[in-house]
Amino acid sequence: ALIAGVLIGIVSAINRNKWPDYSGMLAAISGISVPGFWLGLVLIQLFSVELGWFPTGGIDSWKSYVLPSITLGAGIMSMLARFSRSSMLETMREDYIRTGRAKGLHEFIVVGRHALRNSLIQVVTVAGLQFGFLLGGSVMVETVFSIPGLGRLLVDSISFRDYTVIQAELLLFATEFILINLIVDLLYGVLNPKIRYSSN
């Protein structure tokens, strides 16, 4: 989701108001608008029932991860694509981008080395926040694809009032979310060295 969303956002920003931009944003809006459970059922019908390429549920091999991963990542990819595009467009309006082009730098260097690195700060922030969506969305995906995961275990534990398991899972989810936010904060300093200097 992160790789595909950023790539779609970059291509859309570079080709603003052209067909790659319209196609990328149409895909992004569609991914945000489509409910995850409906997308999962459509993927099962198309690729499992009709074509027989992937299993309908459970975890047997690497093929079992394809459809659930697409279902879980579609909404996040769409969100990251839109944020990547807007962040990239905002960065490409900065003075140092115009200065780089005026110096005769190749467009690939201007976009890849200067614009992309500075625009990724906002994208990393959104990606970290979307990790919470992954924790919540996994319950729906595990139910649709009959995956015995932590999400279904939490729902079943609530149904059976197994408070020990509920507390353990909530502690695990909270720890994961805190660690992801810590990694996001550390990535700020990697992407922008000025943040490291200002914190010192």
# chains A, B, ... in the order shown; residues from 1 in each chain; ligands from 1

$ residues_around --residues "A:Val141" --least-positions-apart "2" --cutoff "7 Å" --atoms "only C-alpha atoms" --output "list in words"
Phe37, Pro68, Leu72, Gly137, Ser138, Val139, Thr143, Val144 and Phe145 of chain A

$ select_by_dssp --residues "stretch 46-184 of chain A" --states "helix (DSSP H, G or I)" --output "JSON, numbers by chain"
{"A": [46, 47, 48, 49, 50, 62, 63, 64, 65, 66, 67, 68, 69, 70, 71, 72, 73, 74, 75, 76, 77, 78, 79, 80, 81, 82, 83, 84, 85, 86, 87, 88, 89, 90, 91, 95, 96, 97, 98, 99, 100, 101, 102, 107, 108, 109, 110, 111, 112, 113, 114, 115, 116, 117, 118, 119, 120, 121, 122, 123, 124, 125, 126, 127, 128, 129, 130, 131, 132, 133, 134, 135, 136, 137, 138, 139, 140, 141, 142, 143, 144, 150, 151, 152, 153, 154, 155, 156, 157, 158, 159, 163, 164, 165, 166, 167, 168, 169, 170, 171, 172, 173, 174, 175, 176, 177, 178, 179, 180, 181, 182, 183, 184]}

$ residues_around --residues "A:Val123" --least-positions-apart "2" --cutoff "8 Å" --atoms "only C-alpha atoms" --output "JSON, numbers by chain"
{"A": [6, 80, 83, 84, 87, 119, 120, 121, 125, 126, 127]}

$ atom_distance --atom1 "atom CA of A:Leu153" --atom2 "atom CA of A:Gly40"
19.7 Å

$ atom_distance --atom1 "atom CA of A:Gly58" --atom2 "atom CA of A:Leu150"
13.7 Å
